[in-house]
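Quick notes on the structure that follows.
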Amino acid sequence: MSALVEGHLFITLLAYHLVHVIRTQLKAQGIHDSWETIRQKLENQQRITVSLSCEAGKRLHIRKATRAEPHQKVIYDALWVSLRNLAPFKKQRPDLPKNKTVKFVVP
């Protein structure tokens, strides 16, 4: 069996186990939706990253998730997913000065 096929089988098996654990946890919390329904309920939850170019070619990345809707929060709560993990995240490159106004270059 080729390494490519083995890798594909491993990822497939890993995904199966992950789905099984998620559905088992949801069922334990009284949520008996199908996997398709769970995916549909969560599909509009997005995490967006904006990358900005600053002066001197430096970059600033800002990441933020869209607000969870009530039906999504029910699923997150059942899976013990903290909405704090979806809070805005700013990654500033080490070479950017902290606490200093930065001018952005718009191409």
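To be explicit about the labels: the chains of the structure tokens are called A, B, and onward in the order shown, and within each one the residues are counted from 1, while ligands get numbers from 1 in the order they are shown.
Neighbouring residues of range 31-33 of chain A at 12 Å or closer, counting only C-alpha atoms and skipping chain neighbours under 3 positions away, are Ile22, Arg23, Thr24, Gln25, Leu26, Lys27, Ala28, Glu36, Thr37, Ile38, Arg39, Gln40, Lys41, His71, Gln72, Val74, Ile75, Tyr76, Asp77, Ala78 and Leu79 of chain A.
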Go ahead and write the residues just picked, C-alpha atoms, as a CSV table (one decimal), in the first residue's frame.
```
chain,number,residue,atom,x,y,z
A,22,ILE,CA,-18.7,14.9,18.8
A,23,ARG,CA,-22.0,13.1,18.2
A,24,THR,CA,-21.7,11.0,21.3
A,25,GLN,CA,-21.1,14.1,23.4
A,26,LEU,CA,-24.1,15.9,21.8
A,27,LYS,CA,-26.3,12.9,22.4
A,28,ALA,CA,-25.3,12.8,26.0
A,36,GLU,CA,-25.6,16.8,8.3
A,37,THR,CA,-27.9,18.9,10.5
A,38,ILE,CA,-25.1,19.8,12.9
A,39,ARG,CA,-23.0,20.9,9.9
A,40,GLN,CA,-25.9,23.0,8.5
A,41,LYS,CA,-26.4,24.7,11.9
A,71,HIS,CA,-28.7,27.5,18.1
A,72,GLN,CA,-24.9,27.4,17.6
A,74,VAL,CA,-26.4,25.4,22.3
A,75,ILE,CA,-24.0,23.1,20.3
A,76,TYR,CA,-20.9,24.9,21.6
A,77,ASP,CA,-22.1,24.6,25.2
A,78,ALA,CA,-22.8,20.9,24.8
A,79,LEU,CA,-19.3,20.4,23.5
```
So that I can see what lies close to Leu83 in chain A, please list as a ChimeraX atom specification the residues with an atom at most 10 Å from it, counting only C-alpha atoms and leaving out residues fewer than 4 positions away in the same chain. /A:65,67-68,73,76-77,87
Quick one: write out the picked residues with C-alpha atoms as a PDB file, in the first residue's frame?
```
ATOM      1  CA  ALA A  65     -15.079  35.034  14.526  1.00  0.00           C
ATOM      2  CA  ARG A  67     -21.042  36.062  16.479  1.00  0.00           C
ATOM      3  CA  ALA A  68     -22.524  32.674  17.384  1.00  0.00           C
ATOM      4  CA  LYS A  73     -24.298  28.392  21.185  1.00  0.00           C
ATOM      5  CA  TYR A  76     -20.878  24.865  21.609  1.00  0.00           C
ATOM      6  CA  ASP A  77     -22.112  24.636  25.209  1.00  0.00           C
ATOM      7  CA  ALA A  87     -12.719  36.250  20.636  1.00  0.00           C
TER       8      ALA A  87
END
```
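Here CA of Ala3 in chain A stands at a distance of 22.3 Å from CA of Leu18 in chain A.
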